[in-house]
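> Structure supplied as upload-v4.cif; contents: mmCIF, C-alpha atoms and all ligand atoms.
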data_entry
loop_
_atom_site.label_atom_id
_atom_site.label_comp_id
_atom_site.auth_asym_id
_atom_site.auth_seq_id
_atom_site.Cartn_x
_atom_site.Cartn_y
_atom_site.Cartn_z
CA MET A 1 7.31 8.40 20.08
CA ILE A 2 6.12 11.71 18.64
CA PRO A 3 2.67 11.40 17.03
CA GLY A 4 2.28 12.55 13.45
CA ALA A 5 4.46 11.50 10.52
CA ARG A 6 4.62 11.75 6.75
CA LEU A 7 5.57 8.36 5.40
CA ILE A 8 5.67 6.39 2.18
CA ILE A 9 5.77 2.62 2.40
CA LEU A 10 6.94 1.01 -0.85
CA GLY A 11 7.14 -2.68 -1.61
CA ARG A 12 5.74 -5.43 -3.77
CA GLN A 13 2.07 -6.25 -3.44
CA GLY A 14 1.82 -9.13 -1.00
CA ALA A 15 4.75 -7.90 1.10
CA GLY A 16 2.36 -7.35 4.01
CA LYS A 17 2.32 -3.61 3.41
CA GLY A 18 -1.41 -3.12 3.93
CA THR A 19 -1.54 -4.74 7.37
CA GLN A 20 1.64 -3.02 8.53
CA CYS A 21 0.36 0.35 7.30
CA VAL A 22 -2.82 -0.06 9.37
CA ARG A 23 -0.68 -0.74 12.45
CA LEU A 24 1.64 2.16 11.68
CA SER A 25 -1.30 4.53 11.22
CA ARG A 26 -2.54 3.65 14.73
CA HIS A 27 0.94 3.92 16.18
CA PHE A 28 1.69 7.36 14.73
CA VAL A 29 -1.99 8.48 14.85
CA VAL A 30 -2.11 9.44 11.18
CA PRO A 31 -4.47 8.52 8.36
CA HIS A 32 -3.61 5.45 6.28
CA ILE A 33 -4.04 6.49 2.66
CA SER A 34 -4.22 3.43 0.45
CA THR A 35 -4.80 4.27 -3.21
CA GLY A 36 -5.89 0.68 -3.87
CA ASP A 37 -8.58 0.98 -1.14
CA MET A 38 -9.69 4.36 -2.54
CA LEU A 39 -10.02 2.88 -6.03
CA ARG A 40 -11.86 -0.23 -4.77
CA ALA A 41 -14.32 2.02 -2.90
CA ALA A 42 -14.89 3.98 -6.13
CA VAL A 43 -15.52 0.70 -8.01
CA ARG A 44 -18.03 -0.43 -5.35
CA GLU A 45 -19.82 2.91 -5.47
CA GLY A 46 -19.86 2.88 -9.29
CA THR A 47 -18.46 6.43 -9.57
CA PRO A 48 -17.01 7.55 -12.94
CA LEU A 49 -13.52 6.98 -11.50
CA GLY A 50 -14.49 3.48 -10.38
CA GLN A 51 -15.99 2.62 -13.75
CA ALA A 52 -12.87 3.81 -15.54
CA ALA A 53 -10.47 2.05 -13.14
CA LYS A 54 -12.17 -1.34 -12.78
CA GLU A 55 -10.92 -2.98 -15.96
CA VAL A 56 -7.35 -1.74 -15.47
CA MET A 57 -7.35 -2.99 -11.88
CA ASP A 58 -8.81 -6.40 -12.71
CA SER A 59 -6.09 -6.99 -15.28
CA GLY A 60 -3.39 -5.93 -12.81
CA GLY A 61 -2.50 -2.79 -14.81
CA LEU A 62 -1.84 0.71 -13.49
CA VAL A 63 -4.36 3.55 -13.48
CA GLY A 64 -2.98 6.67 -15.25
CA ASP A 65 -0.62 9.01 -13.39
CA ASP A 66 -2.78 12.12 -13.86
CA THR A 67 -5.80 10.44 -12.32
CA MET A 68 -3.80 9.08 -9.39
CA VAL A 69 -1.97 12.33 -8.70
CA GLY A 70 -5.32 14.16 -8.70
CA ILE A 71 -6.88 11.78 -6.15
CA VAL A 72 -3.86 11.80 -3.84
CA SER A 73 -3.30 15.58 -3.98
CA GLU A 74 -6.90 16.13 -2.96
CA ARG A 75 -6.62 13.65 -0.10
CA LEU A 76 -3.33 15.15 1.17
CA ASN A 77 -4.96 18.56 1.24
CA SER A 78 -7.62 17.51 3.70
CA ASP A 79 -7.32 18.71 7.30
CA ASP A 80 -6.23 15.47 8.97
CA ALA A 81 -3.39 14.86 6.50
CA ARG A 82 -2.24 18.48 6.58
CA THR A 83 -2.08 18.65 10.36
CA ARG A 84 -1.09 15.15 11.44
CA GLY A 85 0.53 13.65 8.35
CA TYR A 86 -0.20 10.39 6.56
CA ILE A 87 1.01 6.97 5.52
CA LEU A 88 0.90 6.51 1.78
CA ASP A 89 0.37 2.89 0.79
CA GLY A 90 0.38 2.04 -2.94
CA PHE A 91 1.42 5.53 -4.03
CA PRO A 92 3.67 6.57 -5.70
CA ARG A 93 3.96 3.66 -8.11
CA THR A 94 5.83 5.38 -10.93
CA VAL A 95 8.63 7.96 -11.05
CA GLY A 96 6.12 10.39 -12.60
CA GLN A 97 3.89 10.03 -9.52
CA ALA A 98 6.88 10.48 -7.19
CA GLU A 99 7.92 13.69 -8.97
CA ALA A 100 4.37 15.04 -8.74
CA LEU A 101 4.26 14.10 -5.05
CA ASP A 102 7.46 16.04 -4.38
CA LEU A 103 5.76 19.15 -5.76
CA VAL A 104 2.62 18.56 -3.68
CA THR A 105 4.55 17.95 -0.45
CA GLY A 106 7.02 20.80 -1.10
CA GLU A 107 6.53 22.73 2.15
CA ARG A 108 6.00 19.66 4.30
CA PRO A 109 8.60 17.13 3.18
CA LEU A 110 8.42 13.41 3.90
CA ASP A 111 9.82 12.04 7.16
CA ALA A 112 10.68 8.67 5.67
CA VAL A 113 10.38 6.54 2.55
CA ILE A 114 10.58 2.87 3.42
CA ASP A 115 10.94 -0.05 1.05
CA LEU A 116 9.45 -3.12 2.70
CA ASP A 117 11.54 -5.73 0.95
CA VAL A 118 10.11 -9.22 0.36
CA PRO A 119 11.40 -11.33 -2.59
CA ARG A 120 9.11 -12.01 -5.54
CA SER A 121 8.99 -15.77 -4.99
CA LEU A 122 7.65 -15.29 -1.46
CA VAL A 123 5.02 -12.68 -2.34
CA LEU A 124 3.79 -14.91 -5.16
CA GLU A 125 3.16 -17.64 -2.59
CA ARG A 126 1.45 -15.21 -0.20
CA LEU A 127 -0.75 -13.58 -2.84
CA SER A 128 -1.99 -16.94 -4.07
CA ALA A 129 -3.21 -17.68 -0.53
CA ARG A 130 -4.63 -14.19 0.12
CA ARG A 131 -8.36 -13.85 0.67
CA VAL A 132 -10.18 -10.69 1.62
CA CYS A 133 -13.54 -9.80 3.15
CA ARG A 134 -15.72 -8.30 0.45
CA ASP A 135 -17.34 -5.90 2.93
CA CYS A 136 -14.70 -4.67 5.38
CA GLY A 137 -11.48 -5.55 3.52
CA THR A 138 -9.91 -7.65 6.32
CA ASN A 139 -7.16 -9.85 4.85
CA TYR A 140 -6.94 -13.60 5.50
CA VAL A 141 -4.52 -16.36 4.53
CA ALA A 142 -6.17 -19.49 3.10
CA SER A 143 -4.93 -22.86 4.31
CA GLY A 144 -7.30 -24.82 2.07
CA ASN A 145 -9.24 -26.19 5.07
CA GLU A 146 -11.69 -23.34 5.54
CA ARG A 147 -15.39 -24.00 5.78
CA GLN A 148 -17.34 -22.72 2.77
CA PRO A 149 -18.86 -20.18 2.56
CA TRP A 150 -16.07 -18.50 4.48
CA ILE A 151 -17.47 -15.77 6.75
CA CYS A 152 -15.45 -12.78 8.01
CA GLU A 153 -14.76 -12.84 11.77
CA VAL A 154 -14.83 -9.06 11.94
CA CYS A 155 -18.07 -8.19 10.14
CA GLY A 156 -19.75 -11.39 8.93
CA GLY A 157 -19.13 -10.56 5.23
CA ASP A 158 -18.07 -13.07 2.56
CA VAL A 159 -14.36 -13.86 2.46
CA MET A 160 -13.19 -14.39 -1.13
CA TYR A 161 -10.40 -13.91 -3.68
CA ARG A 162 -9.64 -10.31 -4.46
CA ALA A 163 -10.79 -9.73 -8.07
CA ASP A 164 -7.20 -9.00 -9.09
CA ASP A 165 -5.60 -11.98 -7.32
CA THR A 166 -5.89 -14.36 -10.28
CA PRO A 167 -2.52 -15.92 -11.29
CA ASP A 168 -2.34 -13.87 -14.52
CA ALA A 169 -3.15 -10.59 -12.79
CA ILE A 170 -0.71 -11.34 -9.95
CA ASN A 171 2.11 -11.98 -12.44
CA ASN A 172 1.17 -8.89 -14.39
CA ARG A 173 1.27 -6.74 -11.23
CA LEU A 174 4.65 -8.13 -10.18
CA ASP A 175 6.09 -7.54 -13.68
CA LEU A 176 4.77 -3.98 -13.59
CA TYR A 177 6.36 -3.52 -10.18
CA GLU A 178 9.79 -4.45 -11.56
CA GLN A 179 9.34 -2.19 -14.60
CA GLN A 180 7.58 0.85 -13.18
CA THR A 181 7.81 0.86 -9.41
CA SER A 182 11.28 -0.48 -8.64
CA PRO A 183 12.90 2.60 -10.31
CA LEU A 184 11.43 4.50 -7.35
CA ILE A 185 13.98 2.81 -5.15
CA ASN A 186 16.75 4.61 -7.07
CA TYR A 187 14.72 7.83 -7.17
CA TYR A 188 14.51 8.01 -3.37
CA GLN A 189 17.95 6.53 -2.78
CA ALA A 190 19.55 9.20 -4.97
CA THR A 191 18.16 11.91 -2.69
CA GLY A 192 19.13 10.04 0.49
CA ARG A 193 15.54 9.47 1.56
CA LEU A 194 15.23 5.68 1.33
CA THR A 195 15.42 3.09 4.10
CA VAL A 196 15.15 -0.57 3.15
CA VAL A 197 13.48 -2.79 5.75
CA ASP A 198 13.73 -6.56 5.46
CA GLY A 199 10.09 -7.74 5.39
CA VAL A 200 10.82 -11.44 5.89
CA ALA A 201 10.08 -11.99 9.59
CA SER A 202 7.05 -12.34 11.87
CA PRO A 203 4.51 -9.48 11.56
CA ASP A 204 5.48 -8.17 15.04
CA GLU A 205 9.17 -8.18 14.18
CA VAL A 206 8.55 -6.42 10.86
CA PHE A 207 6.44 -3.80 12.67
CA ALA A 208 9.24 -3.19 15.18
CA ARG A 209 11.73 -2.79 12.30
CA LEU A 210 9.40 -0.31 10.56
CA THR A 211 8.86 1.91 13.60
CA ALA A 212 12.60 1.88 14.34
CA ALA A 213 13.29 2.88 10.71
CA VAL A 214 10.85 5.82 10.96
CA GLU A 215 12.39 7.06 14.20
CA ALA A 216 15.91 6.72 12.75
CA SER A 217 14.92 8.69 9.62
CA ARG A 218 13.46 11.47 11.76
CA ARG A 219 16.72 11.80 13.68
CA LYS A 220 18.74 12.28 10.48
P1 LIG B 1 -3.25 -2.23 -4.33
O1 LIG B 1 -4.40 -2.45 -3.40
O2 LIG B 1 -2.29 -1.18 -3.85
O3 LIG B 1 -2.56 -3.51 -4.73
O4 LIG B 1 -3.88 -1.62 -5.68
C1 LIG B 1 -4.78 -2.34 -6.47
C2 LIG B 1 -4.78 -1.84 -7.90
O5 LIG B 1 -5.20 -0.45 -7.93
C3 LIG B 1 -3.42 -1.84 -8.59
O6 LIG B 1 -3.09 -3.11 -9.14
C4 LIG B 1 -3.63 -0.78 -9.67
O7 LIG B 1 -4.42 -1.26 -10.72
C5 LIG B 1 -4.47 0.27 -8.93
N1 LIG B 1 -3.61 1.27 -8.25
C6 LIG B 1 -3.49 1.47 -6.90
N2 LIG B 1 -2.62 2.46 -6.64
C7 LIG B 1 -2.17 2.90 -7.84
C8 LIG B 1 -1.23 3.90 -8.26
N3 LIG B 1 -0.56 4.64 -7.35
N4 LIG B 1 -1.04 4.06 -9.59
C9 LIG B 1 -1.68 3.33 -10.51
N5 LIG B 1 -2.57 2.36 -10.20
C10 LIG B 1 -2.82 2.14 -8.87
#
Please render this file's structure as structure tokens.


Amino acid sequence: MIPGARLIILGRQGAGKGTQCVRLSRHFVVPHISTGDMLRAAVREGTPLGQAAKEVMDSGGLVGDDTMVGIVSERLNSDDARTRGYILDGFPRTVGQAEALDLVTGERPLDAVIDLDVPRSLVLERLSARRVCRDCGTNYVASGNERQPWICEVCGGDVMYRADDTPDAINNRLDLYEQQTSPLINYYQATGRLTVVDGVASPDEVFARLTAAVEASRRK
């Protein structure tokens, strides 16, 4: 394995993208750039960006393209991303964002764009059971038998629903995915850059499929 990579991982929310991206970022020794995490940090810190984004996020909507392209361009220009690469998780989410990203990455094109494919019915089930540590962001799956209050094993923080994991917001996000994000599949397919990875398997198996897909794309 050669360290360093420039990757985009697409897929519905709840496809297990976040956890797999963390593993991939360790494997390839590159920063994991999650736009959702960046926005949640801005909300926690009460920055102007966070204040503007909070309502949109809570309703499951999308933050405007110009704002998102600005944040991501700045992050991709930092030293670690320029030298080692990155894994983009949650960006791009619209064709407009993808076009802007192509301009930003011009000289250093992507190694792979992967669609982690998990059907809507299954992600709906998973998202309804998703809980997250308010402090460190570790994800958990609720079985219904947890002791309350539920305390994070990693940092001792409170484990709770993500603010945007209400049934309405989940449905809204999945509808938006079909309308705005799934056209990205065609966008990347048309330029021969897309690999679809079946995300319905154990986490270890999905991880093995993802790393194999990255290596295969690099050999192209
Ligand atoms: P995520 O953690 O990726 O599910 O993102 C959480 C929320 O942040 C999304 O539902 C959107 O409201 C917002 N968000 C994250 N990334 C983007 C993006 N690339 N474009 C627009 N909104 C975004």

> Pick out the residues no farther than 7 Å from ligand LIG 1 (chain B), counting all atoms listed in the file, and list them as an MDAnalysis selection string.

chainID A and resid 13 34:37 39 56:57 60:65 68 89:93 173

> Include C-alpha atoms and write out the residues we just selected as a PDB file, keeping the file's coordinate frame.


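Produced file result-v5.pdb, reproduced below:
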ATOM      1  CA  GLN A  13       2.070  -6.250  -3.440  1.00  0.00           C
ATOM      2  CA  SER A  34      -4.220   3.430   0.450  1.00  0.00           C
ATOM      3  CA  THR A  35      -4.800   4.270  -3.210  1.00  0.00           C
ATOM      4  CA  GLY A  36      -5.890   0.680  -3.870  1.00  0.00           C
ATOM      5  CA  ASP A  37      -8.580   0.980  -1.140  1.00  0.00           C
ATOM      6  CA  LEU A  39     -10.020   2.880  -6.030  1.00  0.00           C
ATOM      7  CA  VAL A  56      -7.350  -1.740 -15.470  1.00  0.00           C
ATOM      8  CA  MET A  57      -7.350  -2.990 -11.880  1.00  0.00           C
ATOM      9  CA  GLY A  60      -3.390  -5.930 -12.810  1.00  0.00           C
ATOM     10  CA  GLY A  61      -2.500  -2.790 -14.810  1.00  0.00           C
ATOM     11  CA  LEU A  62      -1.840   0.710 -13.490  1.00  0.00           C
ATOM     12  CA  VAL A  63      -4.360   3.550 -13.480  1.00  0.00           C
ATOM     13  CA  GLY A  64      -2.980   6.670 -15.250  1.00  0.00           C
ATOM     14  CA  ASP A  65      -0.620   9.010 -13.390  1.00  0.00           C
ATOM     15  CA  MET A  68      -3.800   9.080  -9.390  1.00  0.00           C
ATOM     16  CA  ASP A  89       0.370   2.890   0.790  1.00  0.00           C
ATOM     17  CA  GLY A  90       0.380   2.040  -2.940  1.00  0.00           C
ATOM     18  CA  PHE A  91       1.420   5.530  -4.030  1.00  0.00           C
ATOM     19  CA  PRO A  92       3.670   6.570  -5.700  1.00  0.00           C
ATOM     20  CA  ARG A  93       3.960   3.660  -8.110  1.00  0.00           C
ATOM     21  CA  ARG A 173       1.270  -6.740 -11.230  1.00  0.00           C
TER      22      ARG A 173
END

> Kindly give the distance, in Å, that separates CA of Val214 in chain A and CA of Arg126 in chain A, rounded to a single decimal.

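Interatomic distance, CA of Val214 in chain A to CA of Arg126 in chain A: 25.6 Å.
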
> Residues around (-16.5, -11.3, 4.9), cut-off 9 Å, counting all atoms listed in the file - what are they as a list of chain:residue names?

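Within the cut-off we find A:Val132, A:Cys133, A:Arg134, A:Asp135, A:Cys136, A:Gly137, A:Thr138, A:Trp150, A:Ile151, A:Cys152, A:Glu153, A:Val154, A:Cys155, A:Gly156, A:Gly157, A:Asp158, A:Val159, A:Met160.
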
> Which is closer to Glu99 in chain A than all the others in A:Leu184, A:Asp79, A:Gly18, A:Lys54, using all atoms listed in the file?

A:Leu184

> Pick from A:Leu127, A:Tyr177, A:Thr191, A:Thr19: nearest to Arg162 in chain A, with only C-alpha atoms counted?

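Using only C-alpha atoms, the shortest distance to Arg162 in chain A belongs to A:Leu127.
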
> Quick one: of A:Ala201, A:Val196, A:Val22, A:Ala208, who's nearest to Ile114 in chain A, counting all atoms listed in the file?

A:Val196

> Between A:Val43, A:Arg84, A:Thr67, A:Lys220, which one has atoms that come closest to Gly192 in chain A, using all atoms listed in the file?

A:Lys220

> I'd like the neighbourhood of Tyr187 in chain A as a PyMOL selection string, where a residue qualifies if any of its atoms comes within 10 Å (using all atoms listed in the file), though same-chain residues fewer than 5 positions away should be ignored.

chain A and resi 94-95+98-99+182+192-194

> One decimal, Å: what's the distance from CA of Gln179 in chain A over to CA of Ala163 in chain A, could you say?

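For CA of Gln179 in chain A relative to CA of Ala163 in chain A, the distance reads 22.5 Å.
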
> So, with only C-alpha atoms as the atoms that count, which of A:Ile33, A:Leu24, A:Val197, A:Ala53 lies closest to Asp115 in chain A?

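Nearest to Asp115 in chain A: A:Val197.
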
> In Å to one decimal, how far is CA of Ile170 in chain A from CA of Arg131 in chain A?

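The value is 13.3 Å.
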
> Pick out the closest residue to Thr181 in chain A from this set: A:Arg209, A:Arg6, A:Arg26, A:Arg12. Count all atoms listed in the file.

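Using all atoms listed in the file, the shortest distance to Thr181 in chain A belongs to A:Arg12.
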